[in-house]
Amino acid sequence: ASMGAQHTGRNALDRARERAGKFLGQLPNESQVTLMVTRDDLAGGTPRALIEKARPAEVRSRLTTLSVAYGPNRLDEVFRLAGRNLERMSGRKLVVFVTDLQRRDWIEEEGRREGLYRALAALQGAEEEADRPPVTVLDVGQGDPPNVVVSEFTIRDGREAFAGELVGLGATLVNFGPDEVQGTLTLFRATGDAGPWEKKEALDVLVPATRGIGSPQAHEVAFHEMLPPDSEGPMRFRVAFQASTGASDRLRVDSDRNLALIVRPPVRFLPVRSVTSALDLLRDTEGLPVIELGEPIYPEALATRELNRVDIIVLADPEMDSFDEAMRAKLERFVRGGGGLLAYLGENALPDRVNALFYRERGQGLFPMLLQDAQMHMDEEHPVTIDLSRPGTNEHPLFLEIEPLLFPSPDYFGYRLVVEDTPDAAVVARYSDGAPAVLEHQLGRGSVVIVTTTPDERAFSANGTLLPAALFFNAAHYLVAQDPGERNVLIGESLRVPLLSNARNVIVMPPEAAGGRIEEPVESTDKPFVFNGTSFPGFYRFAVRGIAASGAAALPVEDIHVAAVNLDATEGDLRRARPELL
């Protein structure tokens, strides 16, 4: 992508065509020339020979067809491919690189530098020592061009986006030039998978000069957008940086960045309880529009309850004697399929019963820990609290924005003990005496959060604290959260699209620059559809098509997904390798 950097109205690729053309014009007409590109995005992003053993004039005509590629180079692969081509040629040989000498390609990071140098040495050693082919570099770069990169654009704090609610977005800008750059960062939004772009906000920014991606001098910008109440489904955002008049920003393609989100309806909870008061302290969240707390049921009703419209099941310290193997299997299928389970374990969590049903084969079941034989630990003389300042706890999404001064941990007079060898990675928070208070567990596509006390006043004194409700609210976000990386990737990375159970084919509509739409048949719906053709930045639209029912009642159905593909931000580091070092 760095070959698209502009200087005095021309980019590095324009200069490369000119230099290569002049070089070809100096060769004898009978010469054999192989023209290679270091990356061909349309052919999977690998280096490729465009034309082999051709006359110089024929190769010169092919130079006009070259275009900028967007993914990173792997020069060790380039050297090896060049070596294989040399072996198929006879006579005097010469290797010519026409390059802007971007430092990140030529001076690799330490871990890959040895492999790069070995590949280059092998290229020169392709012939006998006395007849080693010279390697020549035609430098078409221009100093260290100033460039501002939008290096990140994400939904802030990993929150989900809810229709009718405020969403926080964050953009990061990095300036690789020697001087600070003044400019404007503009936020655009498009509702749906194909709706028009709407300009939402423009902010004046001053981006300090910095030495690289990840530097503490990177400039952070926050946006807050109220989403329309009827905006459930795909939503697209884009930020664009425009340098002020007189400021220099040589590469435009990395000044924009895309973000694809799924705007979801309220989180639907199904509470399973033991006593009527088991959910009293969670009722504070019922007025929040992102939570839909369903009518509580007793454990016996879970066996026949349909779960297709449930996001999270809450076990509010239900009586475990009521659970059987069939109910355990139903819960496990629900979580493995992508559902969330929030389990409060109090005095009804009988250890033998819980461990037999939910631990299963060394923690491969719903719970990652074993309960101890002891009943609720009661000590009103020496209550404990949750240690909110513990490293890891204060950064975890379950305790997001929970400040000890604003949300003090209540006094806990009772909690369920778990065995001491519980994996530490599973423990999110501990009580002040060191015992696990909140644990988490990933199972299939879903998640489990376990709180080792009850969600009512039997286990603690609330003292006006909002911590139980705040933890419940954060769990509503955390347990339905989808990894934004599933629909926001870098050029060259794969996109995975979930399939309908009756899917027949997938229509892929890439950005206009990537060419026309692609239709792929669905061979199996057991796994997601994988698309490997992310060769251009922009939005990719997927229409999963199938047939509902069969026979005369058969109806076509369609499921739309939108994904964003962005340039690797490090491509915007236009600093160059020193020719004398090469």
# chains A, B, ... in the order shown; residues from 1 in each chain; ligands from 1
$ select_by_dssp --residues "range 377-564 of chain A" --states "alpha helix (DSSP H)" --output "ChimeraX atom specification"
/A:467-478
$ select_by_dssp --residues "range 13-205 of chain A" --states "strand (DSSP E)" --output "MDAnalysis selection string"
chainID A and resid 33:40 46:54 95:99 135:139 148:155 161:162 166:175 181:191 198:205
$ write_last_selection --atoms "C-alpha atoms" --output "short mmCIF file (atom, residue, chain, number, x, y, z; two decimals), in the first residue's frame"
data_model
loop_
_atom_site.label_atom_id
_atom_site.label_comp_id
_atom_site.auth_asym_id
_atom_site.auth_seq_id
_atom_site.Cartn_x
_atom_site.Cartn_y
_atom_site.Cartn_z
CA VAL A 33 12.59 -10.86 -18.71
CA THR A 34 10.32 -12.18 -15.95
CA LEU A 35 8.13 -9.52 -14.33
CA MET A 36 7.09 -10.22 -10.72
CA VAL A 37 4.97 -8.35 -8.20
CA THR A 38 5.72 -8.76 -4.51
CA ARG A 39 2.01 -9.04 -3.72
CA ASP A 40 -1.04 -9.72 -5.88
CA THR A 46 1.18 -13.89 -2.62
CA PRO A 47 4.09 -12.79 -4.82
CA ARG A 48 3.49 -13.75 -8.43
CA ALA A 49 5.19 -13.74 -11.82
CA LEU A 50 2.93 -11.79 -14.18
CA ILE A 51 4.88 -12.66 -17.32
CA GLU A 52 7.86 -15.01 -17.75
CA LYS A 53 10.80 -15.06 -20.20
CA ALA A 54 9.30 -12.32 -22.35
CA VAL A 95 17.72 -9.42 -10.25
CA VAL A 96 16.26 -5.90 -10.06
CA PHE A 97 13.99 -4.70 -7.24
CA VAL A 98 11.99 -1.54 -7.95
CA THR A 99 10.92 -0.42 -4.48
CA VAL A 135 20.97 -7.90 -7.04
CA THR A 136 20.17 -4.28 -7.91
CA VAL A 137 17.75 -1.93 -6.16
CA LEU A 138 16.04 0.91 -8.04
CA ASP A 139 14.91 3.27 -5.28
CA VAL A 148 -1.35 10.30 9.45
CA VAL A 149 -2.95 6.89 9.96
CA VAL A 150 -6.30 5.99 11.52
CA SER A 151 -4.83 2.95 13.23
CA GLU A 152 -7.91 1.76 15.15
CA PHE A 153 -11.66 2.26 15.09
CA THR A 154 -13.69 0.15 17.52
CA ILE A 155 -16.74 0.08 19.74
CA ALA A 161 -24.75 -1.78 20.54
CA PHE A 162 -28.46 -1.62 21.43
CA LEU A 166 -26.04 5.48 23.30
CA VAL A 167 -23.02 3.74 21.80
CA GLY A 168 -19.39 4.77 22.36
CA LEU A 169 -16.89 4.57 19.50
CA GLY A 170 -13.16 5.16 19.69
CA ALA A 171 -10.65 6.08 16.97
CA THR A 172 -6.86 6.19 17.28
CA LEU A 173 -4.66 8.35 15.04
CA VAL A 174 -0.90 7.99 14.63
CA ASN A 175 1.29 10.55 12.89
CA VAL A 181 -0.63 17.71 11.96
CA GLN A 182 -3.87 19.66 12.32
CA GLY A 183 -6.96 18.22 10.67
CA THR A 184 -10.57 17.06 10.94
CA LEU A 185 -11.83 13.61 11.89
CA THR A 186 -15.36 12.98 10.60
CA LEU A 187 -17.74 10.21 11.67
CA PHE A 188 -20.21 8.75 9.16
CA ARG A 189 -23.02 6.28 9.83
CA ALA A 190 -25.12 4.09 7.54
CA THR A 191 -28.06 2.13 8.93
CA GLU A 198 -24.95 10.16 6.88
CA LYS A 199 -22.39 12.60 8.29
CA LYS A 200 -22.75 12.52 12.09
CA GLU A 201 -19.92 14.51 13.67
CA ALA A 202 -16.72 16.33 12.69
CA LEU A 203 -13.99 17.05 15.27
CA ASP A 204 -10.90 19.24 14.95
CA VAL A 205 -7.86 17.22 16.01
#
$ closest_atom_pairs --of "range 307-398 of chain A" --to "range 263-269 of chain A" --cutoff "10 Å" --atoms "only C-alpha atoms" --output "Markdown table"
| residue | atom | partner | partner_atom | distance |
| --- | --- | --- | --- | --- |
| A:Arg309 | CA | A:Arg268 | CA | 7.4 |
| A:Val310 | CA | A:Arg268 | CA | 5.3 |
| A:Asp311 | CA | A:Arg268 | CA | 5.1 |
| A:Ile312 | CA | A:Phe269 | CA | 4.9 |
| A:Ile313 | CA | A:Phe269 | CA | 5.7 |
| A:Val314 | CA | A:Phe269 | CA | 6.8 |
| A:Gly340 | CA | A:Phe269 | CA | 9.3 |
| A:Leu341 | CA | A:Phe269 | CA | 9.5 |
| A:Leu342 | CA | A:Phe269 | CA | 9.6 |
$ closest_residue --among "A:Ser248, A:Ser461, A:Ser447, A:Gln242" --to "His477 in chain A" --atoms "only C-alpha atoms"
A:Ser447
$ closest_residue --among "A:Leu417, A:Ser255, A:Thr393, A:Phe176" --to "Ala209 in chain A" --atoms "only C-alpha atoms"
A:Phe176
$ residues_around --residues "range 119-122 of chain A" --least-positions-apart "4" --cutoff "7 Å" --atoms "only C-alpha atoms" --output "PDB file with all heavy atoms, in the first residue's frame"
ATOM      1  N   ASP A  76      10.728 -12.564   2.191  1.00  0.00           N
ATOM      2  CA  ASP A  76      11.400 -13.855   2.139  1.00  0.00           C
ATOM      3  C   ASP A  76      10.731 -14.756   1.095  1.00  0.00           C
ATOM      4  O   ASP A  76      11.407 -15.482   0.356  1.00  0.00           O
ATOM      5  CB  ASP A  76      11.434 -14.522   3.518  1.00  0.00           C
ATOM      6  CG  ASP A  76      10.059 -14.567   4.184  1.00  0.00           C
ATOM      7  OD1 ASP A  76       9.121 -13.929   3.675  1.00  0.00           O
ATOM      8  OD2 ASP A  76       9.936 -15.248   5.226  1.00  0.00           O
ATOM      9  N   PHE A  79      11.883 -13.494  -2.343  1.00  0.00           N
ATOM     10  CA  PHE A  79      13.248 -13.930  -2.689  1.00  0.00           C
ATOM     11  C   PHE A  79      13.252 -15.388  -3.150  1.00  0.00           C
ATOM     12  O   PHE A  79      13.936 -15.746  -4.112  1.00  0.00           O
ATOM     13  CB  PHE A  79      14.178 -13.764  -1.484  1.00  0.00           C
ATOM     14  CG  PHE A  79      14.370 -12.334  -1.047  1.00  0.00           C
ATOM     15  CD1 PHE A  79      14.704 -12.036   0.259  1.00  0.00           C
ATOM     16  CD2 PHE A  79      14.221 -11.286  -1.946  1.00  0.00           C
ATOM     17  CE1 PHE A  79      14.884 -10.724   0.674  1.00  0.00           C
ATOM     18  CE2 PHE A  79      14.389  -9.968  -1.539  1.00  0.00           C
ATOM     19  CZ  PHE A  79      14.726  -9.687  -0.230  1.00  0.00           C
ATOM     20  N   ARG A  80      12.486 -16.231  -2.451  1.00  0.00           N
ATOM     21  CA  ARG A  80      12.464 -17.641  -2.825  1.00  0.00           C
ATOM     22  C   ARG A  80      11.838 -17.837  -4.211  1.00  0.00           C
ATOM     23  O   ARG A  80      12.314 -18.642  -5.018  1.00  0.00           O
ATOM     24  CB  ARG A  80      11.723 -18.452  -1.761  1.00  0.00           C
ATOM     25  CG  ARG A  80      12.558 -18.698  -0.497  1.00  0.00           C
ATOM     26  CD  ARG A  80      11.899 -19.703   0.420  1.00  0.00           C
ATOM     27  NE  ARG A  80      10.800 -19.108   1.150  1.00  0.00           N
ATOM     28  CZ  ARG A  80      10.931 -18.528   2.355  1.00  0.00           C
ATOM     29  NH1 ARG A  80      12.125 -18.456   2.923  1.00  0.00           N
ATOM     30  NH2 ARG A  80       9.890 -18.021   2.980  1.00  0.00           N
ATOM     31  N   GLY A 115      15.349 -15.148   8.779  1.00  0.00           N
ATOM     32  CA  GLY A 115      14.776 -15.849   7.632  1.00  0.00           C
ATOM     33  C   GLY A 115      14.834 -15.019   6.369  1.00  0.00           C
ATOM     34  O   GLY A 115      15.070 -15.538   5.270  1.00  0.00           O
ATOM     35  N   ALA A 126      22.123 -18.849  -5.964  1.00  0.00           N
ATOM     36  CA  ALA A 126      21.442 -19.787  -6.859  1.00  0.00           C
ATOM     37  C   ALA A 126      22.381 -20.353  -7.912  1.00  0.00           C
ATOM     38  O   ALA A 126      22.144 -21.412  -8.462  1.00  0.00           O
ATOM     39  CB  ALA A 126      20.256 -19.092  -7.535  1.00  0.00           C
TER      40      ALA A 126
END
$ residues_around --residues "Leu398 in chain A" --least-positions-apart "2" --cutoff "8 Å" --atoms "only C-alpha atoms" --output "number ranges by chain"
A: 396, 400, 471, 474-475, 478
$ residues_around --residues "Leu101 in chain A" --least-positions-apart "6" --cutoff "7 Å" --atoms "only C-alpha atoms" --output "PyMOL selection string"
chain A and resi 139+141+576-577
$ atom_distance --atom1 "CA of Met327 in chain A" --atom2 "CA of Ala303 in chain A"
5.7 Å
$ residues_around --residues "Val530 in chain A" --least-positions-apart "5" --cutoff "7 Å" --atoms "only C-alpha atoms" --output "list in words"
Ser494, Leu495, Arg496 and Val497 of chain A
$ closest_residue --among "A:Phe529, A:Phe413, A:Tyr70, A:Phe399" --to "Ala469 in chain A" --atoms "only C-alpha atoms"
A:Phe399
$ residues_around --residues "Leu27 in chain A" --least-positions-apart "5" --cutoff "10 Å" --atoms "only C-alpha atoms" --output "short mmCIF file (atom, residue, chain, number, x, y, z; two decimals) with N, CA and C atoms, in the first residue's frame"
data_model
loop_
_atom_site.label_atom_id
_atom_site.label_comp_id
_atom_site.auth_asym_id
_atom_site.auth_seq_id
_atom_site.Cartn_x
_atom_site.Cartn_y
_atom_site.Cartn_z
N LYS A 22 12.48 2.58 -18.22
CA LYS A 22 13.79 3.04 -18.69
C LYS A 22 14.81 1.90 -18.65
N GLN A 32 15.60 -12.06 -22.09
CA GLN A 32 14.41 -12.69 -21.50
C GLN A 32 14.15 -12.05 -20.14
N VAL A 33 12.93 -11.58 -19.94
CA VAL A 33 12.59 -10.86 -18.71
C VAL A 33 11.37 -11.52 -18.05
N ARG A 55 10.08 -10.74 -24.02
CA ARG A 55 10.95 -9.69 -24.55
C ARG A 55 10.72 -8.40 -23.78
N PRO A 56 11.75 -7.55 -23.67
CA PRO A 56 11.63 -6.30 -22.90
C PRO A 56 10.44 -5.45 -23.32
N ALA A 57 10.18 -5.33 -24.63
CA ALA A 57 9.07 -4.48 -25.09
C ALA A 57 7.73 -5.01 -24.60
#
